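*Asks:* Pasting run-v8.cif here (mmCIF, C-alpha atoms):
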```cif
data_run
loop_
_atom_site.group_PDB
_atom_site.id
_atom_site.type_symbol
_atom_site.label_atom_id
_atom_site.label_comp_id
_atom_site.auth_asym_id
_atom_site.auth_seq_id
_atom_site.Cartn_x
_atom_site.Cartn_y
_atom_site.Cartn_z
ATOM 1 C CA MET A 1 0.000 0.000 0.000
ATOM 2 C CA ASP A 2 2.964 2.302 0.569
ATOM 3 C CA ILE A 3 3.770 2.154 -3.145
ATOM 4 C CA ALA A 4 0.136 2.882 -4.030
ATOM 5 C CA LEU A 5 0.332 5.913 -1.721
ATOM 6 C CA ARG A 6 3.427 7.111 -3.591
ATOM 7 C CA GLU A 7 1.474 6.756 -6.819
ATOM 8 C CA ALA A 8 -1.315 8.840 -5.272
ATOM 9 C CA GLU A 9 1.226 11.562 -4.499
ATOM 10 C CA LEU A 10 2.253 11.562 -8.184
ATOM 11 C CA ALA A 11 -1.374 12.131 -9.128
ATOM 12 C CA ALA A 12 -1.613 15.061 -6.712
ATOM 13 C CA ALA A 13 1.620 16.539 -8.074
ATOM 14 C CA GLY A 14 -0.021 16.477 -11.511
ATOM 15 C CA GLY A 15 -3.116 18.264 -10.215
ATOM 16 C CA ASP A 16 -5.275 15.165 -10.181
ATOM 17 C CA VAL A 17 -7.204 13.527 -7.369
ATOM 18 C CA PRO A 18 -4.590 11.514 -5.448
ATOM 19 C CA VAL A 19 -5.447 7.883 -6.040
ATOM 20 C CA GLY A 20 -2.807 5.231 -6.621
ATOM 21 C CA ALA A 21 -2.975 1.582 -7.636
ATOM 22 C CA VAL A 22 -0.493 -1.278 -7.771
ATOM 23 C CA ALA A 23 -1.004 -4.671 -9.435
ATOM 24 C CA VAL A 24 0.860 -7.568 -7.827
ATOM 25 C CA LEU A 25 1.529 -11.040 -9.215
ATOM 26 C CA ASP A 26 3.369 -13.604 -7.077
ATOM 27 C CA ASP A 27 4.576 -10.915 -4.663
ATOM 28 C CA GLU A 28 6.017 -8.862 -7.542
ATOM 29 C CA ILE A 29 4.706 -5.513 -8.716
ATOM 30 C CA ILE A 30 3.898 -5.761 -12.393
ATOM 31 C CA ALA A 31 2.027 -2.493 -12.881
ATOM 32 C CA ARG A 32 1.361 0.831 -11.215
ATOM 33 C CA GLY A 33 -1.051 3.615 -11.907
ATOM 34 C CA HIS A 34 -2.240 6.917 -10.578
ATOM 35 C CA ASN A 35 -5.097 9.146 -11.620
ATOM 36 C CA MET A 36 -4.263 10.963 -14.842
ATOM 37 C CA ARG A 37 -7.643 12.284 -15.929
ATOM 38 C CA GLU A 38 -6.445 15.870 -16.008
ATOM 39 C CA ALA A 39 -3.122 15.138 -17.715
ATOM 40 C CA LEU A 40 -4.675 12.916 -20.396
ATOM 41 C CA ASN A 41 -8.082 14.622 -20.643
ATOM 42 C CA ASP A 42 -9.492 11.126 -20.301
ATOM 43 C CA PRO A 43 -12.380 10.411 -17.932
ATOM 44 C CA THR A 44 -11.356 6.732 -17.810
ATOM 45 C CA ALA A 45 -7.748 7.429 -16.749
ATOM 46 C CA HIS A 46 -8.306 6.272 -13.170
ATOM 47 C CA ALA A 47 -5.414 4.660 -11.294
ATOM 48 C CA GLU A 48 -7.056 1.226 -11.323
ATOM 49 C CA VAL A 49 -7.834 1.252 -15.043
ATOM 50 C CA LEU A 50 -4.285 2.326 -15.911
ATOM 51 C CA ALA A 51 -2.793 -0.417 -13.708
ATOM 52 C CA ILE A 52 -5.147 -3.003 -15.231
ATOM 53 C CA ARG A 53 -4.228 -1.922 -18.779
ATOM 54 C CA GLU A 54 -0.509 -2.083 -18.032
ATOM 55 C CA SER A 55 -0.902 -5.506 -16.397
ATOM 56 C CA ALA A 56 -2.746 -6.900 -19.401
ATOM 57 C CA MET A 57 -0.137 -5.531 -21.802
ATOM 58 C CA LYS A 58 2.794 -6.902 -19.782
ATOM 59 C CA LEU A 59 1.198 -10.321 -19.328
ATOM 60 C CA GLY A 60 -0.183 -10.495 -22.863
ATOM 61 C CA ARG A 61 -3.656 -11.453 -21.686
ATOM 62 C CA TRP A 62 -6.819 -9.754 -20.499
ATOM 63 C CA ARG A 63 -7.764 -12.393 -17.920
ATOM 64 C CA LEU A 64 -5.896 -11.260 -14.833
ATOM 65 C CA HIS A 65 -7.104 -14.151 -12.672
ATOM 66 C CA ASP A 66 -3.920 -14.283 -10.600
ATOM 67 C CA LEU A 67 -3.400 -10.636 -9.612
ATOM 68 C CA THR A 68 -4.082 -8.658 -6.489
ATOM 69 C CA LEU A 69 -4.879 -4.985 -7.016
ATOM 70 C CA TYR A 70 -3.968 -2.543 -4.241
ATOM 71 C CA VAL A 71 -5.698 0.848 -4.338
ATOM 72 C CA THR A 72 -5.616 3.770 -1.948
ATOM 73 C CA ILE A 73 -9.393 4.316 -2.089
ATOM 74 C CA GLU A 74 -12.356 2.080 -2.782
ATOM 75 C CA PRO A 75 -12.776 1.735 -6.550
ATOM 76 C CA CYS A 76 -15.653 3.582 -8.211
ATOM 77 C CA ALA A 77 -18.347 1.820 -10.240
ATOM 78 C CA MET A 78 -16.333 2.047 -13.482
ATOM 79 C CA CYS A 79 -13.174 0.647 -11.902
ATOM 80 C CA ALA A 80 -15.081 -2.035 -10.018
ATOM 81 C CA GLY A 81 -16.621 -3.091 -13.331
ATOM 82 C CA ALA A 82 -13.181 -3.210 -14.960
ATOM 83 C CA ILE A 83 -11.891 -5.336 -12.067
ATOM 84 C CA VAL A 84 -14.725 -7.815 -12.559
ATOM 85 C CA LEU A 85 -14.281 -7.894 -16.339
ATOM 86 C CA ALA A 86 -10.522 -8.476 -15.955
ATOM 87 C CA ARG A 87 -11.283 -11.410 -13.606
ATOM 88 C CA ILE A 88 -9.064 -9.983 -10.860
ATOM 89 C CA PRO A 89 -9.708 -12.181 -7.811
ATOM 90 C CA ARG A 90 -8.687 -9.814 -5.007
ATOM 91 C CA ILE A 91 -8.810 -6.083 -4.324
ATOM 92 C CA VAL A 92 -7.124 -4.460 -1.342
ATOM 93 C CA PHE A 93 -7.962 -0.842 -0.643
ATOM 94 C CA GLY A 94 -7.313 1.739 2.030
ATOM 95 C CA ALA A 95 -10.176 4.178 2.542
ATOM 96 C CA LYS A 96 -13.842 3.652 1.755
ATOM 97 C CA ASP A 97 -15.531 6.051 -0.657
ATOM 98 C CA PRO A 98 -18.976 6.909 0.737
ATOM 99 C CA LYS A 99 -19.822 9.036 -2.339
ATOM 100 C CA ALA A 100 -18.855 6.760 -5.222
ATOM 101 C CA GLY A 101 -17.533 3.432 -3.901
ATOM 102 C CA GLY A 102 -18.233 0.400 -6.081
ATOM 103 C CA CYS A 103 -17.096 -2.221 -3.570
ATOM 104 C CA GLY A 104 -19.728 -1.873 -0.880
ATOM 105 C CA SER A 105 -20.024 1.774 0.161
ATOM 106 C CA VAL A 106 -22.498 2.836 -2.535
ATOM 107 C CA PHE A 107 -22.604 -0.093 -4.959
ATOM 108 C CA GLN A 108 -21.574 -3.722 -4.557
ATOM 109 C CA ILE A 109 -20.386 -4.413 -8.077
ATOM 110 C CA VAL A 110 -17.471 -6.734 -7.332
ATOM 111 C CA GLN A 111 -19.631 -9.224 -5.456
ATOM 112 C CA GLU A 112 -22.847 -8.865 -7.468
ATOM 113 C CA PRO A 113 -24.461 -12.332 -7.732
ATOM 114 C CA ALA A 114 -25.770 -11.613 -11.237
ATOM 115 C CA LEU A 115 -22.235 -11.272 -12.604
ATOM 116 C CA ASN A 116 -20.026 -14.195 -13.564
ATOM 117 C CA HIS A 117 -17.071 -13.237 -11.356
ATOM 118 C CA ARG A 118 -16.767 -12.211 -7.694
ATOM 119 C CA VAL A 119 -13.860 -10.425 -6.103
ATOM 120 C CA GLU A 120 -12.498 -10.844 -2.601
ATOM 121 C CA ILE A 121 -12.363 -7.478 -0.818
ATOM 122 C CA VAL A 122 -9.871 -6.462 1.846
ATOM 123 C CA SER A 123 -10.363 -2.912 3.096
ATOM 124 C CA GLY A 124 -8.952 -0.578 5.696
ATOM 125 C CA ILE A 125 -5.261 -1.143 4.914
ATOM 126 C CA LYS A 126 -3.397 2.061 5.869
ATOM 127 C CA GLU A 127 -6.846 3.642 5.908
ATOM 128 C CA GLU A 128 -5.845 6.804 7.763
ATOM 129 C CA SER A 129 -2.917 7.543 5.424
ATOM 130 C CA CYS A 130 -5.068 6.918 2.360
ATOM 131 C CA ARG A 131 -7.835 9.164 3.666
ATOM 132 C CA ARG A 132 -5.401 11.882 4.727
ATOM 133 C CA VAL A 133 -3.795 12.230 1.270
ATOM 134 C CA LEU A 134 -7.253 12.859 -0.219
ATOM 135 C CA GLN A 135 -8.340 15.259 2.514
ATOM 136 C CA GLU A 136 -5.135 17.294 2.254
ATOM 137 C CA PHE A 137 -5.458 17.507 -1.534
ATOM 138 C CA PHE A 138 -9.000 18.883 -1.402
ATOM 139 C CA GLU A 139 -8.179 21.188 1.505
ATOM 140 C CA ASN A 140 -5.255 22.613 -0.475
ATOM 141 C CA ARG A 141 -7.470 23.017 -3.535
ATOM 142 C CA ARG A 142 -10.081 24.912 -1.475
ATOM 143 C CA ASN A 143 -7.342 27.139 -0.034
ATOM 144 C CA GLY A 144 -6.006 27.951 -3.503
ATOM 145 C CA GLN A 145 -2.715 26.103 -3.021
ATOM 146 C CA ILE A 146 -3.613 23.752 -5.870
ATOM 147 C CA PRO A 147 -5.035 25.346 -9.015
ATOM 148 C CA PRO A 148 -8.695 24.598 -9.664
ATOM 149 C CA TYR A 149 -9.669 22.378 -12.512
ATOM 150 C CA PRO A 150 -9.536 24.107 -15.898
ATOM 151 C CA PRO A 151 -12.728 26.016 -16.643
ATOM 152 C CA PHE A 152 -15.415 24.184 -18.529
ATOM 153 C CA THR A 153 -15.752 25.255 -22.119
ATOM 154 C CA LYS A 154 -18.702 25.035 -24.383
ATOM 155 C CA GLY A 155 -18.050 23.201 -27.536
ATOM 156 C CA GLY A 156 -18.744 19.984 -29.179
ATOM 157 C CA ILE A 157 -19.013 18.447 -32.518
#
```
Before anything else, please render the file you have as structure tokens.

*Replies:*
Amino acid sequence: MDIALREAELAAAGGDVPVGAVAVLDDEIIARGHNMREALNDPTAHAEVLAIRESAMKLGRWRLHDLTLYVTIEPCAMCAGAIVLARIPRIVFGAKDPKAGGCGSVFQIVQEPALNHRVEIVSGIKEESCRRVLQEFFENRRNGQIPPYPPFTKGGI
């Protein structure tokens, strides 16, 4: 989880919400990710999705049935769905997300009986540190120490 926290700090340094993820196979880190939505202008560039993509590329397969994914905060609905679709058997996260959590706080996607894959959940690992990095980021943003998100622009096709 310490490495996932370092990834979260990289996200914060890039002006993004500080979430980090680490994919582990046989006690070896094979992929890392941190939120890069702002840097990539990509709403799917969440830490978990980036770590899953890198894992699949490195392993040469999309079925990640032997990985454990460590994340600093409870995955959202999109990331929880990606975890299920990638067949990841175990997720370990730090802090719960009472606003958008997809692993029990708001939704229970990873253990939904209607789906063909269930994920073991371990939560509360380094919970205080994981929560603190998020709280400090948003406090600094409110105090003007971190620039606000770029202004929305009208546009389209």

*Asks:* What's the 12 Å shell around Leu40 of chain A, counting only C-alpha atoms, without same-chain residues fewer than 3 positions away, as a ChimeraX atom specification?

*Replies:* /A:11,14-16,34-37,43-46,50

*Asks:* Quick check on the file I pasted: which residues fall under the PyMOL selection byres ((chain A and resi 71) around 7)? Write them as an MDAnalysis selection string.

*Replies:* chainID A and resid 4 20:22 69:70 72:74 92:94

*Asks:* List the residues selected by the PyMOL selection byres ((chain A and resi 83) around 10) in the file shown, writing them as a VMD selection string.

*Replies:* chain A and resid 48 to 49 52 64 69 75 77 to 82 84 to 91 109 to 110 117 to 119

*Asks:* Mind pulling up the distance from atom CA of Ala39 of chain A to atom CA of Ala13 of chain A?

*Replies:*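 Computing it gives 10.8 Å between the two atoms.
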
*Asks:* With all atoms of segment 27-34 of chain A from the file as input, state the centre and edge lengths in Å to one decimal of the axis-aligned box that has 6 Å extra on each side, as lines of an AutoDock Vina configuration file.

*Replies:*
```
center_x = 1.9
center_y = -2.0
center_z = -8.8
size_x = 20.3
size_y = 29.8
size_z = 20.2
```

*Asks:* Which one is closest to Ser129 of chain A: A:Val106, A:Ala100, A:Met57, A:Ala95? Count all atoms listed in the file.

*Replies:* A:Ala95

*Asks:* To one decimal place, how far is atom CA of Asn140 of chain A from atom CA of Ile3 of chain A in Å?

*Replies:* 22.5 Å

*Asks:* So what do you get for atom CA of Ile29 of chain A versus atom CA of Leu115 of chain A, distance-wise?

*Replies:*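 These atoms are spaced 27.8 Å apart.
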
*Asks:* Pick from A:Met1, A:Leu134, A:Gln145, A:Ile30: nearest to Leu67 of chain A, with all atoms listed in the file counted?

*Replies:*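 Among A:Met1, A:Leu134, A:Gln145, A:Ile30, it is A:Ile30 that comes nearest to Leu67 of chain A.
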